[in-house]
Every structure is written in structure tokens, then in C-alpha cells.
>>> print(open('target12.csv').read())   # CSV, C-alpha atoms
chain,number,residue,atom,x,y,z
K,149,MET,CA,12.3,19.7,12.2
K,150,PRO,CA,13.0,16.3,14.0
K,151,ARG,CA,12.2,13.1,12.1
K,152,GLN,CA,8.9,11.6,12.9
K,153,ILE,CA,10.1,8.2,11.7
K,154,SER,CA,13.6,7.0,10.9
K,155,PHE,CA,14.9,4.5,8.4
K,156,GLU,CA,17.8,2.3,9.2
K,157,LEU,CA,19.6,0.7,6.2
K,158,LEU,CA,21.0,-2.7,7.0
K,159,ALA,CA,22.0,-4.1,3.6
K,160,GLU,CA,22.0,-3.1,-0.1
K,161,CYS,CA,22.3,-5.3,-3.1
K,162,PRO,CA,25.4,-4.4,-5.1
K,163,VAL,CA,23.8,-5.6,-8.4
K,164,THR,CA,20.3,-4.2,-8.1
K,165,ARG,CA,18.7,-1.3,-6.1
K,166,ALA,CA,17.3,-3.7,-3.5
K,167,ARG,CA,17.7,-2.7,0.2
K,168,ALA,CA,16.9,-4.3,3.5
K,169,GLY,CA,16.3,-2.1,6.6
K,170,ILE,CA,14.2,-1.2,9.6
K,171,LEU,CA,11.5,1.5,9.7
K,172,HIS,CA,11.4,2.9,13.2
K,173,THR,CA,8.0,4.3,14.2
K,174,ALA,CA,6.2,5.4,17.4
K,175,HIS,CA,4.3,2.1,17.2
K,176,GLY,CA,7.1,-0.3,16.6
K,177,ASP,CA,9.9,-1.3,14.3
K,178,ILE,CA,9.0,-2.6,10.8
K,179,PRO,CA,11.5,-4.8,8.9
K,180,THR,CA,11.8,-3.8,5.2
K,181,PRO,CA,11.1,-4.4,2.5
K,182,VAL,CA,7.5,-4.8,3.7
K,183,PHE,CA,4.1,-5.6,2.3
K,184,MET,CA,1.3,-3.8,4.1
K,185,PRO,CA,-2.1,-5.4,4.3
K,186,VAL,CA,-4.9,-3.0,3.3
K,187,GLY,CA,-7.5,-2.2,6.0
K,188,THR,CA,-9.7,0.2,4.0
K,189,GLN,CA,-12.4,0.7,6.7
K,190,ALA,CA,-10.1,0.3,9.7
K,191,THR,CA,-10.3,-3.4,9.2
K,192,VAL,CA,-8.6,-6.0,7.0
K,193,LYS,CA,-11.7,-7.7,5.6
K,194,GLY,CA,-12.2,-11.2,7.1
K,195,LEU,CA,-9.5,-11.0,9.8
K,196,ASN,CA,-9.3,-9.7,13.3
K,197,GLN,CA,-6.4,-7.7,14.8
K,198,ARG,CA,-5.1,-10.7,16.8
K,199,GLU,CA,-4.8,-12.8,13.7
K,200,LEU,CA,-3.0,-10.0,11.9
K,201,TRP,CA,-0.6,-9.2,14.8
K,202,ASP,CA,0.1,-12.6,16.4
K,203,GLU,CA,-0.4,-15.1,13.6
K,204,LEU,CA,0.5,-13.2,10.5
K,205,GLN,CA,2.9,-10.9,12.4
K,206,ALA,CA,1.9,-7.9,10.3
K,207,ARG,CA,3.5,-4.8,11.8
K,208,ILE,CA,1.8,-2.1,9.7
K,209,VAL,CA,-1.6,-1.9,8.0
K,210,LEU,CA,-3.3,0.7,5.9
K,211,GLY,CA,-6.4,2.8,6.5
K,212,ASN,CA,-8.3,4.8,3.9
K,213,THR,CA,-8.9,8.5,4.5
K,214,TYR,CA,-11.7,8.9,2.0
K,215,HIS,CA,-13.8,6.1,3.5
K,216,LEU,CA,-13.1,6.9,7.2
K,217,PHE,CA,-13.7,10.6,6.6
K,218,LEU,CA,-17.2,9.8,5.3
K,219,ARG,CA,-17.9,7.1,7.9
K,220,PRO,CA,-17.6,7.3,10.9
K,221,GLY,CA,-15.8,10.6,10.5
K,222,HIS,CA,-12.4,11.8,11.7
K,223,GLU,CA,-13.7,13.9,14.6
K,224,LEU,CA,-15.4,10.9,16.1
K,225,ILE,CA,-12.2,8.8,15.7
K,226,ARG,CA,-10.2,11.6,17.3
K,227,GLN,CA,-12.7,11.7,20.2
K,228,LEU,CA,-12.4,8.0,20.7
K,229,GLY,CA,-8.6,8.2,21.0
K,230,GLY,CA,-7.4,8.0,17.5
K,231,LEU,CA,-7.4,5.3,14.9
K,232,HIS,CA,-5.0,2.9,16.8
K,233,ARG,CA,-7.3,2.8,19.8
K,234,PHE,CA,-10.5,2.9,17.7
K,235,MET,CA,-9.6,-0.3,15.8
K,236,SER,CA,-7.5,-1.8,18.7
K,237,TRP,CA,-4.3,-2.0,16.6
K,238,PRO,CA,-0.9,-2.1,18.4
K,239,GLY,CA,1.2,-1.7,15.3
K,240,ALA,CA,1.9,1.2,12.9
K,241,LEU,CA,-0.8,2.7,10.7
K,242,LEU,CA,-0.4,4.3,7.3
K,243,THR,CA,-3.3,6.3,5.8
K,244,ASP,CA,-3.6,7.5,2.3
K,245,SER,CA,-5.0,11.0,1.6
K,246,GLY,CA,-8.2,9.8,-0.1
K,247,GLY,CA,-7.1,11.3,-3.4
K,248,TYR,CA,-7.1,8.0,-5.3
K,249,GLN,CA,-10.6,7.2,-4.3
K,250,VAL,CA,-11.8,10.7,-5.0
K,251,PHE,CA,-10.3,10.7,-8.5
K,252,SER,CA,-11.9,7.3,-9.2
K,253,LEU,CA,-15.3,8.9,-8.7
K,254,SER,CA,-15.0,10.5,-12.1
K,255,GLY,CA,-18.3,12.3,-12.7
K,256,LEU,CA,-18.9,12.9,-9.0
K,257,ARG,CA,-15.8,15.2,-8.5
K,258,LYS,CA,-14.4,18.5,-9.7
K,259,ILE,CA,-10.6,19.4,-9.6
K,260,THR,CA,-9.4,22.9,-9.1
K,261,ASP,CA,-6.0,24.3,-8.0
K,262,GLU,CA,-7.4,24.6,-4.5
K,263,GLY,CA,-8.4,20.9,-4.1
K,264,VAL,CA,-11.1,18.5,-5.1
K,265,THR,CA,-14.8,18.8,-4.5
K,266,PHE,CA,-16.7,15.5,-4.6
K,267,GLN,CA,-20.0,13.9,-3.8
K,268,SER,CA,-20.1,11.1,-1.3
K,269,HIS,CA,-20.8,7.7,-2.9
K,270,LEU,CA,-22.8,6.9,0.3
K,271,ASP,CA,-25.4,9.7,0.4
K,272,GLY,CA,-24.5,12.2,-2.4
K,273,ASP,CA,-23.4,15.0,0.1
K,274,THR,CA,-20.8,17.4,-1.2
K,275,HIS,CA,-17.3,17.5,0.4
K,276,LYS,CA,-14.0,19.1,-0.4
K,277,PHE,CA,-10.5,17.8,0.1
K,278,THR,CA,-7.6,20.3,0.1
K,279,PRO,CA,-3.9,19.7,0.8
K,280,ALA,CA,-4.4,21.2,4.3
K,281,SER,CA,-7.7,19.4,5.1
K,282,THR,CA,-6.4,16.0,4.3
K,283,VAL,CA,-3.4,16.6,6.7
K,284,ASP,CA,-5.9,17.6,9.4
K,285,VAL,CA,-8.0,14.5,8.9
K,286,GLN,CA,-5.0,12.2,9.1
K,287,MET,CA,-3.6,14.0,12.2
K,288,ALA,CA,-7.0,13.4,13.8
K,289,PHE,CA,-6.5,9.7,13.0
K,290,GLY,CA,-3.0,9.8,14.6
K,291,SER,CA,-1.5,7.9,11.6
K,292,ASP,CA,2.2,7.0,11.9
K,293,ILE,CA,2.6,7.7,8.2
K,294,MET,CA,0.3,10.1,6.3
K,295,MET,CA,0.0,10.9,2.6
K,296,VAL,CA,-0.3,14.3,0.9
K,297,LEU,CA,-3.2,15.0,-1.4
K,298,ASP,CA,-2.1,14.3,-5.0
K,299,GLU,CA,-3.8,14.0,-8.4
K,300,CYS,CA,-3.8,10.5,-9.7
K,301,PRO,CA,-4.5,10.7,-13.5
K,302,PRO,CA,-5.9,7.6,-15.2
K,303,TYR,CA,-4.1,5.8,-18.0
K,304,PRO,CA,-3.7,6.9,-20.7
K,305,VAL,CA,-3.5,10.7,-20.6
K,306,SER,CA,-1.8,13.2,-22.8
K,307,HIS,CA,1.7,14.5,-22.0
K,308,GLU,CA,0.2,18.0,-21.5
K,309,TYR,CA,-2.4,16.8,-19.0
K,310,ALA,CA,0.2,14.7,-17.2
K,311,ARG,CA,2.5,17.7,-16.9
K,312,VAL,CA,-0.2,20.0,-15.6
K,313,SER,CA,-1.4,17.3,-13.2
K,314,MET,CA,2.2,16.7,-11.9
K,315,GLN,CA,2.8,20.3,-11.3
K,316,ARG,CA,-0.5,20.5,-9.4
K,317,THR,CA,0.6,17.5,-7.3
K,318,VAL,CA,3.9,19.3,-6.5
K,319,ARG,CA,2.1,22.5,-5.5
K,320,TRP,CA,-0.3,20.6,-3.3
K,321,ALA,CA,2.6,18.8,-1.6
K,322,GLU,CA,4.3,22.1,-0.8
K,323,GLU,CA,1.0,23.5,0.6
K,324,ALA,CA,0.5,20.3,2.7
K,325,PHE,CA,4.0,20.6,4.2
K,326,ASN,CA,3.6,24.3,4.9
K,327,HIS,CA,0.4,23.4,6.8
K,328,TYR,CA,1.9,20.3,8.4
K,329,ARG,CA,5.1,21.6,9.9
K,330,PRO,CA,3.7,24.0,12.5
K,331,LEU,CA,1.1,21.4,13.4
K,332,ILE,CA,3.7,18.6,14.0
K,333,GLU,CA,5.9,21.0,16.0
K,334,ALA,CA,3.1,21.4,18.5
K,335,SER,CA,1.8,17.8,18.4
K,336,PRO,CA,2.5,15.3,21.2
K,337,THR,CA,2.4,12.4,18.6
K,338,ARG,CA,4.7,11.5,15.8
K,339,ASN,CA,3.1,11.6,12.4
K,340,ALA,CA,5.3,11.5,9.3
K,341,LEU,CA,4.0,12.9,6.0
K,342,PHE,CA,5.1,11.5,2.6
K,343,PRO,CA,4.8,13.3,-0.7
K,344,ILE,CA,3.8,11.3,-3.8
K,345,VAL,CA,5.7,11.2,-7.1
K,346,GLN,CA,3.3,11.5,-10.1
K,347,GLY,CA,3.8,12.1,-13.8
K,348,SER,CA,1.7,9.4,-15.4
K,349,MET,CA,3.8,7.2,-17.8
K,350,PHE,CA,6.3,9.8,-18.8
K,351,PRO,CA,9.7,9.2,-17.4
K,352,GLU,CA,10.9,12.8,-17.6
K,353,LEU,CA,7.8,14.0,-15.7
K,354,ARG,CA,8.5,11.4,-13.0
K,355,GLN,CA,12.1,12.5,-12.7
K,356,GLU,CA,11.2,16.2,-12.5
K,357,CYS,CA,8.5,15.4,-9.9
K,358,ALA,CA,10.9,13.4,-7.7
K,359,GLU,CA,13.6,16.1,-7.8
K,360,ARG,CA,11.1,18.8,-6.8
K,361,LEU,CA,9.6,16.8,-4.0
K,362,ARG,CA,13.0,15.9,-2.7
K,363,GLU,CA,13.3,19.6,-1.7
K,364,LEU,CA,10.6,19.0,0.9
K,365,ASP,CA,13.1,16.9,2.9
K,366,ALA,CA,10.3,14.5,3.9
K,367,ASP,CA,10.6,11.4,6.1
K,368,GLY,CA,9.8,9.2,3.2
K,369,TYR,CA,8.5,9.3,-0.3
K,370,ALA,CA,5.7,7.5,-2.2
K,371,ILE,CA,5.5,6.6,-5.9
K,372,GLY,CA,1.8,6.8,-7.0
K,373,GLY,CA,-0.2,6.6,-10.2
K,374,LEU,CA,0.7,2.9,-10.6
K,375,SER,CA,-1.8,0.1,-11.3
K,376,VAL,CA,-4.2,2.6,-13.0
K,377,GLY,CA,-4.6,0.4,-16.2
K,378,GLU,CA,-1.1,0.6,-17.6
K,379,PRO,CA,0.8,-2.5,-18.9
K,380,ARG,CA,2.7,-4.0,-16.0
K,381,PRO,CA,6.2,-3.4,-17.5
K,382,LEU,CA,5.3,0.3,-17.8
K,383,SER,CA,4.6,0.4,-14.0
K,384,LEU,CA,8.1,-0.9,-13.3
K,385,GLU,CA,9.6,1.6,-15.7
K,386,MET,CA,8.0,4.4,-13.9
K,387,VAL,CA,9.5,3.2,-10.6
K,388,GLU,CA,12.9,3.1,-12.3
K,389,ALA,CA,12.4,6.7,-13.5
K,390,SER,CA,11.3,7.9,-10.1
K,391,GLU,CA,13.7,6.2,-7.8
K,392,PRO,CA,17.1,7.9,-8.6
K,393,GLY,CA,15.6,11.3,-7.7
K,394,LEU,CA,14.6,10.2,-4.2
K,395,PRO,CA,17.0,10.4,-1.2
K,396,ARG,CA,18.8,7.1,-0.5
K,397,ASP,CA,18.3,7.4,3.3
K,398,ARG,CA,14.5,7.6,3.3
K,399,PRO,CA,12.0,4.8,2.7
K,400,ARG,CA,10.3,4.5,-0.8
K,401,TYR,CA,6.7,3.4,-1.0
K,402,ALA,CA,5.2,2.0,-4.2
K,403,MET,CA,1.4,2.5,-3.9
K,404,GLY,CA,-1.0,-0.2,-4.9
K,405,VAL,CA,1.3,-3.0,-6.2
K,406,GLY,CA,1.5,-5.8,-7.1
K,407,MET,CA,1.1,-9.6,-8.0
K,408,PRO,CA,3.1,-12.1,-6.1
K,409,HIS,CA,5.7,-12.6,-8.8
K,410,GLU,CA,6.1,-8.8,-9.1
K,411,LEU,CA,7.1,-8.1,-5.5
K,412,ALA,CA,10.8,-8.9,-6.1
K,413,GLU,CA,10.8,-6.7,-9.2
K,414,TYR,CA,9.7,-3.6,-7.3
K,415,VAL,CA,12.2,-4.4,-4.5
K,416,ALA,CA,14.9,-4.7,-7.2
K,417,ARG,CA,14.1,-1.1,-8.3
K,418,GLY,CA,14.6,0.3,-4.8
K,419,VAL,CA,11.2,0.0,-3.3
K,420,ASP,CA,10.9,-0.6,0.5
K,421,MET,CA,7.2,-0.5,1.1
K,422,MET,CA,4.2,-1.9,-0.9
K,423,ASP,CA,0.5,-2.4,-0.5
K,424,CYS,CA,-2.2,-3.9,-2.6
K,425,VAL,CA,-5.8,-5.1,-2.2
K,426,LEU,CA,-5.1,-8.2,-4.4
K,427,PRO,CA,-4.4,-10.8,-1.7
K,428,SER,CA,-7.5,-10.0,0.3
K,429,ARG,CA,-9.8,-9.2,-2.6
K,430,ASN,CA,-8.7,-12.2,-4.7
K,431,ALA,CA,-9.1,-14.4,-1.6
K,432,ARG,CA,-12.8,-13.4,-1.2
K,433,ASN,CA,-13.3,-14.1,-4.9
K,434,GLY,CA,-11.8,-17.6,-4.6
K,435,SER,CA,-8.4,-16.9,-6.2
K,436,LEU,CA,-5.6,-18.2,-3.9
K,437,PHE,CA,-1.9,-17.7,-4.3
K,438,THR,CA,0.3,-20.7,-3.5
K,439,SER,CA,3.9,-21.6,-3.9
K,440,GLU,CA,2.7,-24.1,-6.6
K,441,GLY,CA,0.7,-21.5,-8.5
K,442,ARG,CA,-2.7,-20.0,-8.4
K,443,VAL,CA,-5.6,-22.1,-7.2
K,444,VAL,CA,-9.1,-21.1,-8.4
K,445,ILE,CA,-10.9,-23.0,-5.6
K,446,LYS,CA,-14.3,-23.2,-7.4
K,447,HIS,CA,-12.9,-25.6,-10.0
K,448,ALA,CA,-14.5,-29.1,-9.8
K,449,ARG,CA,-11.1,-30.8,-9.5
K,450,TYR,CA,-10.9,-29.7,-5.9
K,451,ARG,CA,-14.2,-31.2,-4.9
K,452,ASP,CA,-12.7,-34.3,-3.3
K,453,ASP,CA,-9.1,-33.0,-2.9
K,454,ALA,CA,-8.0,-33.9,0.6
K,455,GLY,CA,-4.7,-32.1,0.3
K,456,ALA,CA,-3.7,-28.8,1.9
K,457,LEU,CA,-4.2,-25.6,-0.1
K,458,ASP,CA,-0.4,-25.1,-0.2
K,459,PRO,CA,1.7,-28.0,1.2
K,460,GLY,CA,4.6,-25.5,1.5
K,461,CYS,CA,2.7,-23.0,3.7
K,462,GLY,CA,2.5,-23.1,7.5
K,463,CYS,CA,-0.5,-20.8,7.9
K,464,TYR,CA,-3.5,-21.8,10.0
K,465,THR,CA,-5.6,-22.4,6.9
K,466,CYS,CA,-3.0,-24.8,5.2
K,467,ARG,CA,-2.3,-26.6,8.5
K,468,ASN,CA,-5.9,-27.4,9.2
K,469,TYR,CA,-8.2,-27.5,6.2
K,470,SER,CA,-8.3,-29.3,2.9
K,471,ARG,CA,-8.9,-27.9,-0.6
K,472,ALA,CA,-12.2,-29.8,-0.7
K,473,TYR,CA,-13.4,-28.1,2.5
K,474,LEU,CA,-12.4,-24.7,1.3
K,475,ARG,CA,-14.2,-25.3,-2.0
K,476,HIS,CA,-17.3,-26.4,-0.1
K,477,LEU,CA,-17.2,-23.2,2.0
K,478,TYR,CA,-16.8,-21.1,-1.1
K,479,GLN,CA,-19.6,-22.8,-3.0
K,480,ALA,CA,-21.9,-22.5,0.1
K,481,GLY,CA,-21.1,-18.8,0.4
K,482,GLU,CA,-19.9,-19.2,4.0
K,483,ILE,CA,-18.2,-16.2,5.7
K,484,LEU,CA,-15.5,-18.6,7.1
K,485,PHE,CA,-14.2,-19.0,3.5
K,486,ALA,CA,-13.3,-15.3,3.2
K,487,SER,CA,-11.5,-15.5,6.6
K,488,LEU,CA,-9.5,-18.6,5.9
K,489,ALA,CA,-8.7,-17.6,2.3
K,490,THR,CA,-7.6,-14.1,3.3
K,491,ARG,CA,-5.4,-15.4,6.0
K,492,HIS,CA,-3.6,-17.7,3.6
K,493,ASN,CA,-3.2,-15.1,0.8
K,494,LEU,CA,-1.7,-12.5,3.1
K,495,GLN,CA,0.6,-15.1,4.6
K,496,ARG,CA,1.8,-15.9,1.1
K,497,TYR,CA,2.6,-12.2,0.4
K,498,LEU,CA,4.3,-11.8,3.8
K,499,ASP,CA,6.3,-15.0,3.3
K,500,ILE,CA,7.5,-13.8,-0.1
K,501,MET,CA,8.6,-10.4,1.4
K,502,GLY,CA,10.4,-12.3,4.2
K,503,GLU,CA,12.3,-14.4,1.6
K,504,ILE,CA,13.2,-11.3,-0.3
K,505,ARG,CA,14.5,-9.6,2.8
K,506,GLN,CA,16.5,-12.6,3.9
K,507,SER,CA,18.1,-12.9,0.5
K,508,ILE,CA,19.2,-9.3,0.6
K,509,LEU,CA,20.7,-9.6,4.0
K,510,GLU,CA,22.5,-12.8,2.9
K,511,GLY,CA,23.8,-11.2,-0.3
K,512,ARG,CA,21.9,-13.5,-2.7
K,513,PHE,CA,19.1,-11.4,-3.9
K,514,PRO,CA,20.3,-11.4,-7.6
K,515,GLN,CA,20.0,-15.2,-7.5
K,516,TYR,CA,16.6,-15.0,-5.9
K,517,LEU,CA,15.4,-12.6,-8.5
K,518,THR,CA,16.7,-14.8,-11.3
K,519,ALA,CA,14.9,-17.8,-9.8
K,520,MET,CA,11.7,-15.9,-9.6
K,521,ARG,CA,11.9,-14.7,-13.2
K,522,ALA,CA,12.6,-18.3,-14.4
K,523,GLN,CA,9.4,-19.6,-12.9
K,524,PRO,CA,6.8,-20.7,-15.4
K,525,ALA,CA,3.8,-18.4,-16.0
K,526,SER,CA,1.6,-21.0,-14.3
K,527,LEU,CA,3.3,-20.2,-11.0
K,528,ALA,CA,2.7,-16.4,-11.4
>>> encode(input="target12.csv", output="C-alpha cells")
Amino acid sequence: MPRQISFELLAECPVTRARAGILHTAHGDIPTPVFMPVGTQATVKGLNQRELWDELQARIVLGNTYHLFLRPGHELIRQLGGLHRFMSWPGALLTDSGGYQVFSLSGLRKITDEGVTFQSHLDGDTHKFTPASTVDVQMAFGSDIMMVLDECPPYPVSHEYARVSMQRTVRWAEEAFNHYRPLIEASPTRNALFPIVQGSMFPELRQECAERLRELDADGYAIGGLSVGEPRPLSLEMVEASEPGLPRDRPRYAMGVGMPHELAEYVARGVDMMDCVLPSRNARNGSLFTSEGRVVIKHARYRDDAGALDPGCGCYTCRNYSRAYLRHLYQAGEILFASLATRHNLQRYLDIMGEIRQSILEGRFPQYLTAMRAQPASLA
């Protein structure tokens, strides 16, 4: 089967597992390593698509299958020309399978070997996701990169449950690919499908899962089950356990990570793609990431601070507005605050990823990583 996307490796760090490359998709080329803004409901909260594309120069964003399936529905999105046209987005789109959201519903869902039955958090209606149906939904979206349905266990779980869950995830991935292959052969669009490495916090289960999923010969691979309550060092250890079993010439996607100071750590372990709601969610809550450390804008010391949020940042927010004004907007509950704050936080994440990529291309990533690790905790 022909590749739906391709991954071009440009440079590899000889000391760590870090790589720089280009992900070629039907909706443009994406320099890697890349941080992908999260647009759960077909929108990155607080920003319009022009700001994302022209100003932040984001080239890929995420949509969430669970939320878009429930509202407005995948058939409506298909009728309106697919998700790219629906949200007027010129770049690439990655959609998850909805599994993470379904499993977070706890008492509202039931897992069987066939899939997951769940109640909508909107109206209580009952729905079912199967490995095949989540592929169908994402094909209706026209996503450049789609995710298989997987089971994402919480932390902590027993080794026995983690083993059963991992094996179910592998079976579901096999079912998804068996359903997907004939569909994509007949499809006029290019839609890649990534399986997801699970295994909770047990290295040997992660290794087994990666090795078995490798047999699917997918266009790329995701590492899931991170940021589910585990200590942060354990998350990095699970990436380390998963990465060696994944093919070197395909992109690796660590799902749902991480804090600004953690981005280089994941890249050092061979990760090419990351996403996280932190920059946008924290922005709306008044927590802003800067090159000088975290700014909690509600603090009284910013009441009369005429300085830029981050003097080292060239984003629209930092070029035009003072900390005092941003604090005023936050205290007043103005919508503009969420927009300006989100724009800055995402710029910070994208700038960090740009620095990381450049350091890999120039052969100085180990020095960059050392410098990041040496920063005081106040800058984290």
C-alpha cells in the first residue's frame, strides 16, 4: 500500500535520539520536531485560523473525534466538505480516535473486546466506538493523520490489567488496519493511520506492544497513555521503553505532553511530534510561560507593570501590550485576555520547538539540552 504521508530525516543527534526532519502531507510540509496546537472542537480556543497560520505559522493542528462525533457529527462535516473546509484550515489536521475522552468518562462507559459503549456527556445518549467505526468517522473528517482506537488505562493499574489492556489495544489496532486498508485504496484523499503504543508504566509491556504494532507497517506511530497521573520521570521512561521498537524511518508522536522544560527531553528520546492542551488551557487560567519563567498574571505585582509580558518574545501580545494591561483584562474577565494569552503561550511553545530543531540541524542539541536542564526550577 502506498504511503499516505512520508517522513524525511534531515539530521540525527549522535549523542541522543533526537532527530530533525520534514513530515510531508497532502496539506503541506511540516518541519519536525513539531508541537501541535490542540483544537478540540475544530478550533484552538481564543484564536482564529489566520492567526494560527500566518502569525504563529502553525502547520498542523489537532481535532478531537469524540467531541466532533457528538457535535456537529461526522456526517455533517463530510457533507460540508470535510474538516479542513468546515473549519477553513489550510494546513494539516491530526485527529485522535476519541478513546482517551471515552475512557475518562469512567462510570459512563463500558469496555468489551468489540469496543467501547458510552453515554454522551451532552445529552446522555448511548453510542459505541469500535476500531472500525472510529476509522470511518475520521475518514469522514478527511484527517491527514488518524489514530486507532486504543485503551488508555489510568495510573496506577495492576500489571495484569495493563497486560490485558495492552493486548486489547493491539487487537483493536489490527482490526482498525484491516478495515482501513481497503478503504484507503479506494479513497481519493490521503489519510494516514497511526497505531498507539500502550502498556501503562511497565517497560516490558511497552516494548512488547511496540514490537507487535511495528508489524502493521504504519506510516507513523504514537505513544499513548502518558500524562494520566504518573510522575513525570516515569512518562519519559515509558517513551524510552517504547522508542527502540518503533521503525526509525517513521514519525513518532508522544500524545498529550508536556511542560515547556520537558519538550527537549521528549525530543532527546526520539519523539518527533507532540501535543498538549497546557499552553492554551493555562493561558485562559492566567498562567503564562515566558523565557524568564512562569508569570501568574493575577498577582498584584503586575498591577502597574508597564513592561512586556516577555521581553524576549516577538509575538503580537508581547509587542503591543503591557503586563499591567493583561492583568486588567484577566481581572475584568474580558474575552480579549484569553486570545492574547493563548497567542503568547503557543508562540512560546513553537519557539522552543524551533530552537530545538535548529540545534539538531546545527549539531549542538546536546549543549542545548544541557542548558535547559541547568535552568533553575523558577524558569520551568
>>> residues_around(input="target12.csv", residues="K:Ser245", least_positions_apart="2", cutoff="8 Å", atoms="all atoms listed in the file", output="NGL selection string")
:K and (212-214 or 243 or 247-248 or 282-283 or 286 or 294-298)
>>> write_last_selection(input="target12.csv", atoms="C-alpha atoms", output="short mmCIF file (atom, residue, chain, number, x, y, z; two decimals), in the frame of the given file")
data_model
loop_
_atom_site.label_atom_id
_atom_site.label_comp_id
_atom_site.auth_asym_id
_atom_site.auth_seq_id
_atom_site.Cartn_x
_atom_site.Cartn_y
_atom_site.Cartn_z
CA ASN K 212 -8.30 4.80 3.90
CA THR K 213 -8.90 8.50 4.50
CA TYR K 214 -11.70 8.90 2.00
CA THR K 243 -3.30 6.30 5.80
CA GLY K 247 -7.10 11.30 -3.40
CA TYR K 248 -7.10 8.00 -5.30
CA THR K 282 -6.40 16.00 4.30
CA VAL K 283 -3.40 16.60 6.70
CA GLN K 286 -5.00 12.20 9.10
CA MET K 294 0.30 10.10 6.30
CA MET K 295 0.00 10.90 2.60
CA VAL K 296 -0.30 14.30 0.90
CA LEU K 297 -3.20 15.00 -1.40
CA ASP K 298 -2.10 14.30 -5.00
#
>>> residues_near_point(input="target12.csv", point="(12.9, -6.9, 4.8)", cutoff="10 Å", atoms="all atoms listed in the file", output="VMD selection string")
chain K and resid 158 to 159 166 to 171 178 to 183 415 420 to 421 498 501 to 509
>>> closest_residue(input="target12.csv", among="K:Gly255, K:Gly246, K:Pro301, K:Gly176", to="K:Ser154", atoms="only C-alpha atoms")
K:Gly176
>>> residues_near_point(input="target12.csv", point="(-4.7, 23.1, 5.3)", cutoff="12 Å", atoms="all atoms listed in the file", output="PyMOL selection string")
chain K and resi 262-263+276-287+296-297+320-331
>>> write_last_selection(input="target12.csv", atoms="C-alpha atoms", output="PDB file, in the coordinates of the input")
ATOM      1  CA  GLU K 262      -7.400  24.600  -4.500  1.00  0.00           C
ATOM      2  CA  GLY K 263      -8.400  20.900  -4.100  1.00  0.00           C
ATOM      3  CA  LYS K 276     -14.000  19.100  -0.400  1.00  0.00           C
ATOM      4  CA  PHE K 277     -10.500  17.800   0.100  1.00  0.00           C
ATOM      5  CA  THR K 278      -7.600  20.300   0.100  1.00  0.00           C
ATOM      6  CA  PRO K 279      -3.900  19.700   0.800  1.00  0.00           C
ATOM      7  CA  ALA K 280      -4.400  21.200   4.300  1.00  0.00           C
ATOM      8  CA  SER K 281      -7.700  19.400   5.100  1.00  0.00           C
ATOM      9  CA  THR K 282      -6.400  16.000   4.300  1.00  0.00           C
ATOM     10  CA  VAL K 283      -3.400  16.600   6.700  1.00  0.00           C
ATOM     11  CA  ASP K 284      -5.900  17.600   9.400  1.00  0.00           C
ATOM     12  CA  VAL K 285      -8.000  14.500   8.900  1.00  0.00           C
ATOM     13  CA  GLN K 286      -5.000  12.200   9.100  1.00  0.00           C
ATOM     14  CA  MET K 287      -3.600  14.000  12.200  1.00  0.00           C
ATOM     15  CA  VAL K 296      -0.300  14.300   0.900  1.00  0.00           C
ATOM     16  CA  LEU K 297      -3.200  15.000  -1.400  1.00  0.00           C
ATOM     17  CA  TRP K 320      -0.300  20.600  -3.300  1.00  0.00           C
ATOM     18  CA  ALA K 321       2.600  18.800  -1.600  1.00  0.00           C
ATOM     19  CA  GLU K 322       4.300  22.100  -0.800  1.00  0.00           C
ATOM     20  CA  GLU K 323       1.000  23.500   0.600  1.00  0.00           C
ATOM     21  CA  ALA K 324       0.500  20.300   2.700  1.00  0.00           C
ATOM     22  CA  PHE K 325       4.000  20.600   4.200  1.00  0.00           C
ATOM     23  CA  ASN K 326       3.600  24.300   4.900  1.00  0.00           C
ATOM     24  CA  HIS K 327       0.400  23.400   6.800  1.00  0.00           C
ATOM     25  CA  TYR K 328       1.900  20.300   8.400  1.00  0.00           C
ATOM     26  CA  ARG K 329       5.100  21.600   9.900  1.00  0.00           C
ATOM     27  CA  PRO K 330       3.700  24.000  12.500  1.00  0.00           C
ATOM     28  CA  LEU K 331       1.100  21.400  13.400  1.00  0.00           C
TER      29      LEU K 331
END
>>> closest_residue(input="target12.csv", among="K:Tyr309, K:Tyr464, K:Ala190, K:Cys424", to="K:Ile225", atoms="all atoms listed in the file")
K:Ala190
>>> atom_distance(input="target12.csv", atom1="atom CA of K:Thr265", atom2="atom CA of K:Asp244")
17.3 Å
>>> residues_around(input="target12.csv", residues="stretch 367-375 of chain K", least_positions_apart="5", cutoff="6 Å", atoms="all atoms listed in the file", output="JSON, numbers by chain")
{"K": [300, 342, 343, 344, 345, 346, 383, 398, 399, 400, 401, 402, 403]}
>>> atom_distance(input="target12.csv", atom1="atom CA of K:Met386", atom2="atom CA of K:Phe266")
28.6 Å
>>> closest_residue(input="target12.csv", among="K:Ala489, K:Ala480, K:Ala412, K:Ala310", to="K:Val443", atoms="only C-alpha atoms")
K:Ala489
>>> closest_atom_pairs(input="target12.csv", of="stretch 266-371 of chain K", to="stretch 235-239 of chain K", cutoff="12 Å", atoms="all atoms listed in the file", output="tab-separated table")
residue	atom	partner	partner_atom	distance
K:Phe289	CA	K:Met235	CA	10.8
K:Ser291	CA	K:Gly239	CA	10.6
K:Asp292	CA	K:Gly239	CA	9.4
K:Ile293	CA	K:Gly239	CA	11.9
>>> atom_distance(input="target12.csv", atom1="atom CA of K:Pro150", atom2="atom CA of K:Ala288")
20.2 Å
>>> closest_residue(input="target12.csv", among="K:Lys193, K:Arg198, K:Lys258, K:His175", to="K:Gly211", atoms="only C-alpha atoms")
K:Lys193
>>> closest_residue(input="target12.csv", among="K:Ile500, K:Val264, K:Ala454, K:Val318", to="K:Arg362", atoms="all atoms listed in the file")
K:Val318
>>> residues_around(input="target12.csv", residues="K:Gly393", least_positions_apart="3", cutoff="8 Å", atoms="all atoms listed in the file", output="list in words")
Gln355, Ala358, Glu359, Arg362 and Ser390 of chain K
